[in-house]
file input_19.pdb (PDB, C-alpha atoms, pLDDT in the B column)
MODEL        1
ATOM      1  CA  MET R   1      -4.824  10.890  -0.542  1.00 67.00           C
ATOM      2  CA  ILE R   2      -3.579   7.325  -0.066  1.00 67.00           C
ATOM      3  CA  ALA R   3      -6.519   6.709   2.282  1.00 67.00           C
ATOM      4  CA  ILE R   4      -8.907   7.819  -0.484  1.00 75.00           C
ATOM      5  CA  VAL R   5      -7.206   5.471  -2.929  1.00 76.00           C
ATOM      6  CA  SER R   6      -7.623   2.651  -0.416  1.00 73.00           C
ATOM      7  CA  GLY R   7     -11.338   3.444  -0.344  1.00 73.00           C
ATOM      8  CA  LEU R   8     -11.470   3.304  -4.136  1.00 74.00           C
ATOM      9  CA  TYR R   9      -9.799  -0.100  -4.068  1.00 75.00           C
ATOM     10  CA  ALA R  10     -12.392  -1.275  -1.538  1.00 71.00           C
ATOM     11  CA  ALA R  11     -15.233  -0.002  -3.752  1.00 69.00           C
ATOM     12  CA  SER R  12     -13.866  -1.736  -6.856  1.00 74.00           C
ATOM     13  CA  PRO R  13     -14.553  -5.353  -7.851  1.00 73.00           C
ATOM     14  CA  THR R  14     -12.398  -7.353  -5.444  1.00 75.00           C
ATOM     15  CA  ALA R  15     -11.121  -9.866  -7.980  1.00 77.00           C
ATOM     16  CA  ALA R  16     -10.108  -7.085 -10.359  1.00 77.00           C
ATOM     17  CA  ALA R  17      -8.472  -4.718  -7.874  1.00 79.00           C
ATOM     18  CA  MET R  18      -6.851  -7.053  -5.356  1.00 86.00           C
ATOM     19  CA  PRO R  19      -4.330  -9.840  -5.907  1.00 88.00           C
ATOM     20  CA  VAL R  20      -6.029 -13.171  -6.566  1.00 86.00           C
ATOM     21  CA  VAL R  21      -4.960 -16.759  -7.054  1.00 85.00           C
ATOM     22  CA  THR R  22      -4.565 -18.046 -10.605  1.00 81.00           C
ATOM     23  CA  ALA R  23      -7.914 -19.833 -10.549  1.00 80.00           C
ATOM     24  CA  ARG R  24      -9.708 -16.502 -10.044  1.00 85.00           C
ATOM     25  CA  LEU R  25      -8.120 -14.637 -12.962  1.00 82.00           C
ATOM     26  CA  PRO R  26     -11.082 -15.342 -15.301  1.00 83.00           C
ATOM     27  CA  GLU R  27     -13.350 -13.987 -12.553  1.00 82.00           C
ATOM     28  CA  ALA R  28     -11.239 -10.828 -12.436  1.00 81.00           C
ATOM     29  CA  LEU R  29     -11.617 -10.313 -16.188  1.00 79.00           C
ATOM     30  CA  GLU R  30     -15.368 -10.910 -16.025  1.00 80.00           C
ATOM     31  CA  ALA R  31     -15.801  -8.522 -13.084  1.00 76.00           C
ATOM     32  CA  LEU R  32     -13.803  -5.787 -14.768  1.00 75.00           C
ATOM     33  CA  SER R  33     -15.607  -6.224 -18.087  1.00 73.00           C
ATOM     34  CA  ALA R  34     -18.976  -5.953 -16.321  1.00 73.00           C
ATOM     35  CA  SER R  35     -18.060  -2.715 -14.515  1.00 70.00           C
ATOM     36  CA  ASP R  36     -17.526   0.741 -15.976  1.00 65.00           C
ATOM     37  CA  GLY R  37     -14.031   0.826 -14.485  1.00 68.00           C
ATOM     38  CA  MET R  38     -14.426   4.346 -13.088  1.00 75.00           C
ATOM     39  CA  GLN R  39     -13.187   3.430  -9.611  1.00 75.00           C
ATOM     40  CA  LEU R  40     -10.101   1.870 -11.130  1.00 78.00           C
ATOM     41  CA  TRP R  41      -9.597   4.869 -13.406  1.00 80.00           C
ATOM     42  CA  TRP R  42      -9.617   7.177 -10.387  1.00 81.00           C
ATOM     43  CA  ILE R  43      -7.123   4.867  -8.693  1.00 82.00           C
ATOM     44  CA  GLY R  44      -4.826   5.604 -11.603  1.00 80.00           C
ATOM     45  CA  VAL R  45      -5.364   9.354 -11.238  1.00 81.00           C
ATOM     46  CA  MET R  46      -5.114   9.736  -7.470  1.00 85.00           C
ATOM     47  CA  GLY R  47      -2.968   6.731  -6.704  1.00 83.00           C
ATOM     48  CA  LEU R  48      -0.106   7.713  -8.963  1.00 85.00           C
ATOM     49  CA  THR R  49      -0.032  11.230  -7.533  1.00 88.00           C
ATOM     50  CA  GLY R  50      -0.324  10.098  -3.931  1.00 87.00           C
ATOM     51  CA  ASP R  51       2.315   7.397  -4.315  1.00 90.00           C
ATOM     52  CA  VAL R  52       4.871   9.831  -5.716  1.00 92.00           C
ATOM     53  CA  ILE R  53       4.207  12.398  -2.978  1.00 91.00           C
ATOM     54  CA  PHE R  54       4.329   9.782  -0.208  1.00 90.00           C
ATOM     55  CA  ALA R  55       7.531   8.251  -1.588  1.00 92.00           C
ATOM     56  CA  ALA R  56       9.229  11.643  -1.839  1.00 93.00           C
ATOM     57  CA  ALA R  57       8.153  12.603   1.685  1.00 90.00           C
ATOM     58  CA  ALA R  58       9.356   9.282   3.102  1.00 91.00           C
ATOM     59  CA  MET R  59      12.762   9.711   1.467  1.00 93.00           C
ATOM     60  CA  MET R  60      13.052  13.240   2.853  1.00 92.00           C
ATOM     61  CA  VAL R  61      12.264  11.988   6.355  1.00 90.00           C
ATOM     62  CA  ALA R  62      14.795   9.174   5.921  1.00 91.00           C
ATOM     63  CA  PHE R  63      17.476  11.684   4.907  1.00 91.00           C
ATOM     64  CA  GLY R  64      16.768  13.750   8.005  1.00 89.00           C
ATOM     65  CA  LEU R  65      17.071  10.667  10.195  1.00 88.00           C
ATOM     66  CA  VAL R  66      20.415   9.808   8.580  1.00 92.00           C
ATOM     67  CA  LEU R  67      21.740  13.131   9.831  1.00 90.00           C
ATOM     68  CA  ARG R  68      20.399  12.327  13.303  1.00 88.00           C
ATOM     69  CA  GLY R  69      22.005   8.884  13.353  1.00 89.00           C
ATOM     70  CA  GLN R  70      18.881   6.696  13.547  1.00 88.00           C
ATOM     71  CA  PRO R  71      19.614   3.852  11.097  1.00 92.00           C
ATOM     72  CA  ILE R  72      16.680   1.609  12.038  1.00 91.00           C
ATOM     73  CA  LYS R  73      14.137   4.343  11.391  1.00 89.00           C
ATOM     74  CA  VAL R  74      16.007   5.273   8.210  1.00 92.00           C
ATOM     75  CA  ALA R  75      15.554   1.707   6.981  1.00 94.00           C
ATOM     76  CA  GLY R  76      11.882   1.841   7.945  1.00 93.00           C
ATOM     77  CA  TRP R  77      11.181   5.031   6.034  1.00 93.00           C
ATOM     78  CA  LEU R  78      13.117   3.733   3.037  1.00 95.00           C
ATOM     79  CA  GLY R  79      10.904   0.643   3.142  1.00 95.00           C
ATOM     80  CA  ILE R  80       7.830   2.884   3.069  1.00 94.00           C
ATOM     81  CA  ALA R  81       9.326   4.879   0.186  1.00 95.00           C
ATOM     82  CA  LEU R  82      10.112   1.684  -1.733  1.00 96.00           C
ATOM     83  CA  SER R  83       6.565   0.463  -1.172  1.00 95.00           C
ATOM     84  CA  ASN R  84       5.104   3.622  -2.661  1.00 94.00           C
ATOM     85  CA  ILE R  85       7.467   3.472  -5.628  1.00 96.00           C
ATOM     86  CA  ILE R  86       6.283  -0.085  -6.285  1.00 96.00           C
ATOM     87  CA  PHE R  87       2.664   1.012  -5.945  1.00 93.00           C
ATOM     88  CA  VAL R  88       3.201   3.556  -8.706  1.00 92.00           C
ATOM     89  CA  GLY R  89       3.398   0.522 -10.974  1.00 92.00           C
ATOM     90  CA  VAL R  90       0.417  -1.145  -9.303  1.00 91.00           C
ATOM     91  CA  ASP R  91      -1.841   1.884  -9.656  1.00 88.00           C
ATOM     92  CA  ALA R  92      -0.725   2.456 -13.241  1.00 88.00           C
ATOM     93  CA  LEU R  93      -1.548  -1.127 -14.159  1.00 88.00           C
ATOM     94  CA  VAL R  94      -4.850  -1.219 -12.266  1.00 85.00           C
ATOM     95  CA  GLY R  95      -6.030   2.243 -13.276  1.00 81.00           C
ATOM     96  CA  ARG R  96      -4.862   2.204 -16.861  1.00 79.00           C
ATOM     97  CA  THR R  97      -3.675  -1.102 -18.304  1.00 80.00           C
ATOM     98  CA  LEU R  98      -6.262  -3.471 -16.813  1.00 81.00           C
ATOM     99  CA  VAL R  99      -9.173  -1.153 -17.559  1.00 74.00           C
ATOM    100  CA  MET R 100      -8.109  -0.749 -21.185  1.00 76.00           C
ATOM    101  CA  ALA R 101      -7.351  -4.451 -21.559  1.00 71.00           C
ATOM    102  CA  ALA R 102     -10.833  -5.388 -20.374  1.00 66.00           C
ATOM    103  CA  SER R 103     -12.675  -2.734 -22.390  1.00 67.00           C
ATOM    104  CA  SER R 104     -10.777  -3.029 -25.666  1.00 65.00           C
ATOM    105  CA  GLY R 105     -11.285  -6.742 -26.163  1.00 62.00           C
ATOM    106  CA  THR R 106      -7.692  -7.692 -25.481  1.00 60.00           C
ATOM    107  CA  SER R 107      -7.100 -11.434 -25.425  1.00 66.00           C
ATOM    108  CA  GLU R 108      -7.540 -13.215 -22.126  1.00 75.00           C
ATOM    109  CA  ALA R 109      -3.850 -14.122 -22.184  1.00 78.00           C
ATOM    110  CA  GLY R 110      -2.895 -10.448 -22.394  1.00 78.00           C
ATOM    111  CA  PHE R 111      -5.152  -9.553 -19.491  1.00 80.00           C
ATOM    112  CA  VAL R 112      -3.857 -12.451 -17.401  1.00 83.00           C
ATOM    113  CA  ALA R 113      -0.262 -11.349 -17.988  1.00 85.00           C
ATOM    114  CA  ALA R 114      -0.995  -7.758 -16.952  1.00 84.00           C
ATOM    115  CA  LYS R 115      -3.070  -8.817 -13.951  1.00 87.00           C
ATOM    116  CA  SER R 116      -0.445 -11.303 -12.766  1.00 89.00           C
ATOM    117  CA  PHE R 117       2.254  -8.626 -12.967  1.00 91.00           C
ATOM    118  CA  SER R 118       0.041  -6.159 -11.096  1.00 90.00           C
ATOM    119  CA  ASP R 119      -0.655  -8.717  -8.370  1.00 92.00           C
ATOM    120  CA  ALA R 120       3.047  -9.516  -7.985  1.00 93.00           C
ATOM    121  CA  LEU R 121       3.839  -5.828  -7.548  1.00 95.00           C
ATOM    122  CA  PHE R 122       0.974  -5.432  -5.063  1.00 94.00           C
ATOM    123  CA  ILE R 123       2.339  -8.274  -2.952  1.00 95.00           C
ATOM    124  CA  SER R 124       5.895  -6.907  -3.106  1.00 96.00           C
ATOM    125  CA  GLY R 125       4.760  -3.392  -2.242  1.00 95.00           C
ATOM    126  CA  THR R 126       2.753  -4.608   0.732  1.00 95.00           C
ATOM    127  CA  PHE R 127       5.708  -6.622   2.011  1.00 97.00           C
ATOM    128  CA  ALA R 128       7.943  -3.540   1.810  1.00 96.00           C
ATOM    129  CA  PHE R 129       5.262  -1.456   3.533  1.00 96.00           C
ATOM    130  CA  GLY R 130       4.852  -3.991   6.333  1.00 95.00           C
ATOM    131  CA  ALA R 131       8.586  -4.385   6.870  1.00 96.00           C
ATOM    132  CA  GLY R 132       9.016  -0.619   6.904  1.00 95.00           C
ATOM    133  CA  ALA R 133       6.241  -0.238   9.467  1.00 94.00           C
ATOM    134  CA  LEU R 134       7.846  -2.842  11.729  1.00 94.00           C
ATOM    135  CA  LEU R 135      11.195  -1.054  11.594  1.00 93.00           C
ATOM    136  CA  LEU R 136       9.590   2.329  12.210  1.00 90.00           C
ATOM    137  CA  PHE R 137       7.218   1.514  15.023  1.00 90.00           C
ATOM    138  CA  GLY R 138       9.137  -1.257  16.767  1.00 83.00           C
ATOM    139  CA  PRO R 139      11.719   1.009  18.461  1.00 78.00           C
ATOM    140  CA  ALA R 140       8.931   3.283  19.746  1.00 69.00           C
ATOM    141  CA  LEU R 141       7.605   0.533  22.027  1.00 65.00           C
ATOM    142  CA  ILE R 142       9.833   1.543  24.897  1.00 63.00           C
ATOM    143  CA  PRO R 143       8.908   2.248  28.526  1.00 57.00           C
ATOM    144  CA  SER R 144       9.828   5.927  28.232  1.00 59.00           C
ATOM    145  CA  GLY R 145       7.364   6.583  25.423  1.00 64.00           C
ATOM    146  CA  THR R 146       4.031   8.283  26.063  1.00 72.00           C
ATOM    147  CA  PHE R 147       0.875   6.201  26.146  1.00 73.00           C
ATOM    148  CA  SER R 148      -0.432   7.682  22.890  1.00 76.00           C
ATOM    149  CA  SER R 149       2.832   7.151  21.021  1.00 78.00           C
ATOM    150  CA  ARG R 150       3.084   3.580  22.254  1.00 81.00           C
ATOM    151  CA  ALA R 151      -0.540   2.924  21.263  1.00 85.00           C
ATOM    152  CA  ILE R 152       0.129   4.199  17.738  1.00 86.00           C
ATOM    153  CA  SER R 153       3.311   2.140  17.605  1.00 87.00           C
ATOM    154  CA  PHE R 154       1.405  -0.963  18.686  1.00 90.00           C
ATOM    155  CA  LEU R 155      -1.111  -0.428  15.887  1.00 91.00           C
ATOM    156  CA  GLY R 156       1.721   0.209  13.435  1.00 91.00           C
ATOM    157  CA  ILE R 157       3.413  -3.033  14.406  1.00 93.00           C
ATOM    158  CA  ALA R 158       0.124  -4.920  14.060  1.00 94.00           C
ATOM    159  CA  VAL R 159      -0.320  -3.483  10.565  1.00 93.00           C
ATOM    160  CA  GLY R 160       3.266  -4.365   9.714  1.00 94.00           C
ATOM    161  CA  LEU R 161       2.786  -7.952  10.818  1.00 95.00           C
ATOM    162  CA  VAL R 162      -0.431  -8.263   8.810  1.00 95.00           C
ATOM    163  CA  GLY R 163       1.252  -6.789   5.733  1.00 95.00           C
ATOM    164  CA  VAL R 164       4.332  -8.993   5.892  1.00 96.00           C
ATOM    165  CA  GLY R 165       2.334 -12.094   6.813  1.00 96.00           C
ATOM    166  CA  ALA R 166      -0.291 -11.601   4.115  1.00 95.00           C
ATOM    167  CA  ALA R 167       2.377 -10.975   1.478  1.00 95.00           C
ATOM    168  CA  LEU R 168       4.223 -14.156   2.400  1.00 96.00           C
ATOM    169  CA  ILE R 169       1.150 -16.384   2.358  1.00 95.00           C
ATOM    170  CA  CYS R 170       0.090 -14.870  -0.975  1.00 92.00           C
ATOM    171  CA  LEU R 171       3.449 -15.905  -2.396  1.00 90.00           C
ATOM    172  CA  PHE R 172       2.603 -19.468  -1.380  1.00 90.00           C
ATOM    173  CA  GLY R 173      -0.690 -19.371  -3.257  1.00 87.00           C
ATOM    174  CA  VAL R 174      -3.140 -18.393  -0.524  1.00 91.00           C
ATOM    175  CA  ASP R 175      -5.995 -16.140  -1.663  1.00 89.00           C
ATOM    176  CA  ALA R 176      -5.347 -13.332   0.842  1.00 88.00           C
ATOM    177  CA  GLY R 177      -5.605 -10.254  -1.352  1.00 87.00           C
ATOM    178  CA  GLN R 178      -8.092  -8.577   0.965  1.00 87.00           C
ATOM    179  CA  LEU R 179      -5.630  -8.856   3.853  1.00 91.00           C
ATOM    180  CA  LEU R 180      -3.079  -7.016   1.735  1.00 91.00           C
ATOM    181  CA  GLY R 181      -5.575  -4.257   1.081  1.00 88.00           C
ATOM    182  CA  LEU R 182      -6.470  -4.087   4.771  1.00 89.00           C
ATOM    183  CA  ALA R 183      -2.817  -3.669   5.735  1.00 91.00           C
ATOM    184  CA  ILE R 184      -2.294  -0.826   3.263  1.00 89.00           C
ATOM    185  CA  ALA R 185      -5.540   0.941   4.212  1.00 87.00           C
ATOM    186  CA  ALA R 186      -4.916   0.675   7.957  1.00 89.00           C
ATOM    187  CA  GLY R 187      -1.290   1.680   7.524  1.00 88.00           C
ATOM    188  CA  SER R 188      -2.304   4.745   5.532  1.00 85.00           C
ATOM    189  CA  ALA R 189      -4.643   5.802   8.338  1.00 86.00           C
ATOM    190  CA  ILE R 190      -1.880   5.369  10.916  1.00 89.00           C
ATOM    191  CA  PHE R 191       0.594   7.395   8.874  1.00 86.00           C
ATOM    192  CA  LEU R 192      -2.046  10.100   8.500  1.00 81.00           C
ATOM    193  CA  ILE R 193      -2.234  10.290  12.299  1.00 83.00           C
ATOM    194  CA  VAL R 194       1.566  10.321  12.560  1.00 81.00           C
ATOM    195  CA  GLY R 195       1.760  13.127  10.014  1.00 76.00           C
ATOM    196  CA  MET R 196      -0.877  15.198  11.801  1.00 77.00           C
ATOM    197  CA  ARG R 197       0.924  14.761  15.129  1.00 74.00           C
ATOM    198  CA  ALA R 198       4.228  15.775  13.551  1.00 68.00           C
ATOM    199  CA  ALA R 199       2.649  18.863  11.993  1.00 66.00           C
ATOM    200  CA  LYS R 200       1.070  19.803  15.321  1.00 68.00           C
ATOM    201  CA  ASP R 201       4.412  19.442  17.111  1.00 62.00           C
ATOM    202  CA  ALA R 202       6.138  21.545  14.462  1.00 56.00           C
ATOM    203  CA  LEU R 203       3.612  24.354  14.897  1.00 57.00           C
ATOM    204  CA  ALA R 204       3.682  24.228  18.689  1.00 52.00           C
TER     205      ALA R 204
ENDMDL
END
call {"tool": "encode", "arguments": {"input": "input_19.pdb", "output": "structure tokens"}}
result
Amino acid sequence: MIAIVSGLYAASPTAAAMPVVTARLPEALEALSASDGMQLWWIGVMGLTGDVIFAAAAMMVAFGLVLRGQPIKVAGWLGIALSNIIFVGVDALVGRTLVMAASSGTSEAGFVAAKSFSDALFISGTFAFGAGALLLFGPALIPSGTFSSRAISFLGIAVGLVGVGAALICLFGVDAGQLLGLAIAAGSAIFLIVGMRAAKDALA
């Protein structure tokens, strides 16, 4: 579901859906006003549901790892859970508040405030996601791991580095919103693979 939401973000006007620098906020309002906002509306529908499910699942996995005494992975899964909790706010703002603000003739100042808050949450959520991925996949890069697990871990670490790096440069005013989206989309695909492998192992 998160992968579908990532696709909806990619199909939406970039300036409206992704974090942008202050100079591009008028562009975001213009792009959103010119569109019908349906992609963003569906982000609100599917994103909120997917974020809650993903966050709950991540916390359940973290609890299981606490019992098994794996604190680094616990921290990683809690980072993923925190990211999804933050993205509940992002998807609510993007899929509901921004669409209504653009279509109802809200003042530009009101839209800018909502968009700036949404962007700040997006950056924070991506940082938490990237940090969580680094903590989760880093320990798996060990000589005793299988080739496939190490390959997935390598990709997970790459995604984590992109997420953390993009979030940090965005905080310093760099227009790197698309890198944030790339990190979340790629990370969602990797976690889908991890989930499918775990389900296969459980049924074996």
call {"tool": "atom_distance", "arguments": {"input": "input_19.pdb", "atom1": "CA of Leu40 in chain R", "atom2": "CA of Met60 in chain R"}}
result
29.3 Å
call {"tool": "resolve_selection", "arguments": {"input": "input_19.pdb", "expression": "the PyMOL selection byres ((chain R and resi 155-157) around 9)", "output": "number ranges by chain"}}
result
R: 130, 133-138, 150-154, 158-162, 186-187, 190-191
call {"tool": "resolve_selection", "arguments": {"input": "input_19.pdb", "expression": "the PyMOL selection byres ((chain R and resi 21) around 8)", "output": "list in words"}}
result
Pro19, Val20, Thr22, Ala23, Arg24, Leu25, Gly173, Val174 and Asp175 of chain R
call {"tool": "resolve_selection", "arguments": {"input": "input_19.pdb", "expression": "the PyMOL selection byres ((chain R and resi 113) around 12)", "output": "PDB file with C-alpha atoms, in the coordinates of the input"}}
result
ATOM      1  CA  THR R  22      -4.565 -18.046 -10.605  1.00 81.00           C
ATOM      2  CA  LEU R  25      -8.120 -14.637 -12.962  1.00 82.00           C
ATOM      3  CA  PRO R  26     -11.082 -15.342 -15.301  1.00 83.00           C
ATOM      4  CA  LEU R  29     -11.617 -10.313 -16.188  1.00 79.00           C
ATOM      5  CA  LEU R  93      -1.548  -1.127 -14.159  1.00 88.00           C
ATOM      6  CA  THR R  97      -3.675  -1.102 -18.304  1.00 80.00           C
ATOM      7  CA  LEU R  98      -6.262  -3.471 -16.813  1.00 81.00           C
ATOM      8  CA  ALA R 101      -7.351  -4.451 -21.559  1.00 71.00           C
ATOM      9  CA  THR R 106      -7.692  -7.692 -25.481  1.00 60.00           C
ATOM     10  CA  SER R 107      -7.100 -11.434 -25.425  1.00 66.00           C
ATOM     11  CA  GLU R 108      -7.540 -13.215 -22.126  1.00 75.00           C
ATOM     12  CA  ALA R 109      -3.850 -14.122 -22.184  1.00 78.00           C
ATOM     13  CA  GLY R 110      -2.895 -10.448 -22.394  1.00 78.00           C
ATOM     14  CA  PHE R 111      -5.152  -9.553 -19.491  1.00 80.00           C
ATOM     15  CA  VAL R 112      -3.857 -12.451 -17.401  1.00 83.00           C
ATOM     16  CA  ALA R 114      -0.995  -7.758 -16.952  1.00 84.00           C
ATOM     17  CA  LYS R 115      -3.070  -8.817 -13.951  1.00 87.00           C
ATOM     18  CA  SER R 116      -0.445 -11.303 -12.766  1.00 89.00           C
ATOM     19  CA  PHE R 117       2.254  -8.626 -12.967  1.00 91.00           C
ATOM     20  CA  SER R 118       0.041  -6.159 -11.096  1.00 90.00           C
ATOM     21  CA  ASP R 119      -0.655  -8.717  -8.370  1.00 92.00           C
ATOM     22  CA  ALA R 120       3.047  -9.516  -7.985  1.00 93.00           C
TER      23      ALA R 120
END
call {"tool": "atom_distance", "arguments": {"input": "input_19.pdb", "atom1": "CA of Ala55 in chain R", "atom2": "CA of Val5 in chain R"}}
result
15.1 Å
call {"tool": "closest_residue", "arguments": {"input": "input_19.pdb", "among": "R:Leu192, R:Val99, R:Met18, R:Val52", "to": "Leu121 in chain R", "atoms": "all atoms listed in the file"}}
result
R:Met18
call {"tool": "atom_distance", "arguments": {"input": "input_19.pdb", "atom1": "CA of Phe127 in chain R", "atom2": "CA of Ala167 in chain R"}}
result
5.5 Å
call {"tool": "residues_near_point", "arguments": {"input": "input_19.pdb", "point": "(-5.2, -10.5, 2.9)", "cutoff": "9 Å", "atoms": "only C-alpha atoms", "output": "compact mmCIF listing (two decimals) with C-alpha atoms, in the frame of the given file"}}
result
# COMPACT_ATOMS: atom_id res chain seq x y z
CA PRO R 19 -4.33 -9.84 -5.91
CA VAL R 162 -0.43 -8.26 8.81
CA GLY R 163 1.25 -6.79 5.73
CA GLY R 165 2.33 -12.09 6.81
CA ALA R 166 -0.29 -11.60 4.12
CA ALA R 167 2.38 -10.98 1.48
CA ILE R 169 1.15 -16.38 2.36
CA CYS R 170 0.09 -14.87 -0.98
CA VAL R 174 -3.14 -18.39 -0.52
CA ASP R 175 -6.00 -16.14 -1.66
CA ALA R 176 -5.35 -13.33 0.84
CA GLY R 177 -5.60 -10.25 -1.35
CA GLN R 178 -8.09 -8.58 0.96
CA LEU R 179 -5.63 -8.86 3.85
CA LEU R 180 -3.08 -7.02 1.74
CA GLY R 181 -5.58 -4.26 1.08
CA LEU R 182 -6.47 -4.09 4.77
CA ALA R 183 -2.82 -3.67 5.74
call {"tool": "residues_around", "arguments": {"input": "input_19.pdb", "residues": "Trp41 in chain R", "least_positions_apart": "5", "cutoff": "8 Å", "atoms": "all atoms listed in the file", "output": "list of chain:residue names"}}
result
R:Val94, R:Gly95, R:Arg96, R:Val99
call {"tool": "residues_around", "arguments": {"input": "input_19.pdb", "residues": "Ile53 in chain R", "least_positions_apart": "4", "cutoff": "12 Å", "atoms": "all atoms listed in the file", "output": "PyMOL selection string"}}
result
chain R and resi 1-2+46-49+57-60+80-81+84-85+87-88
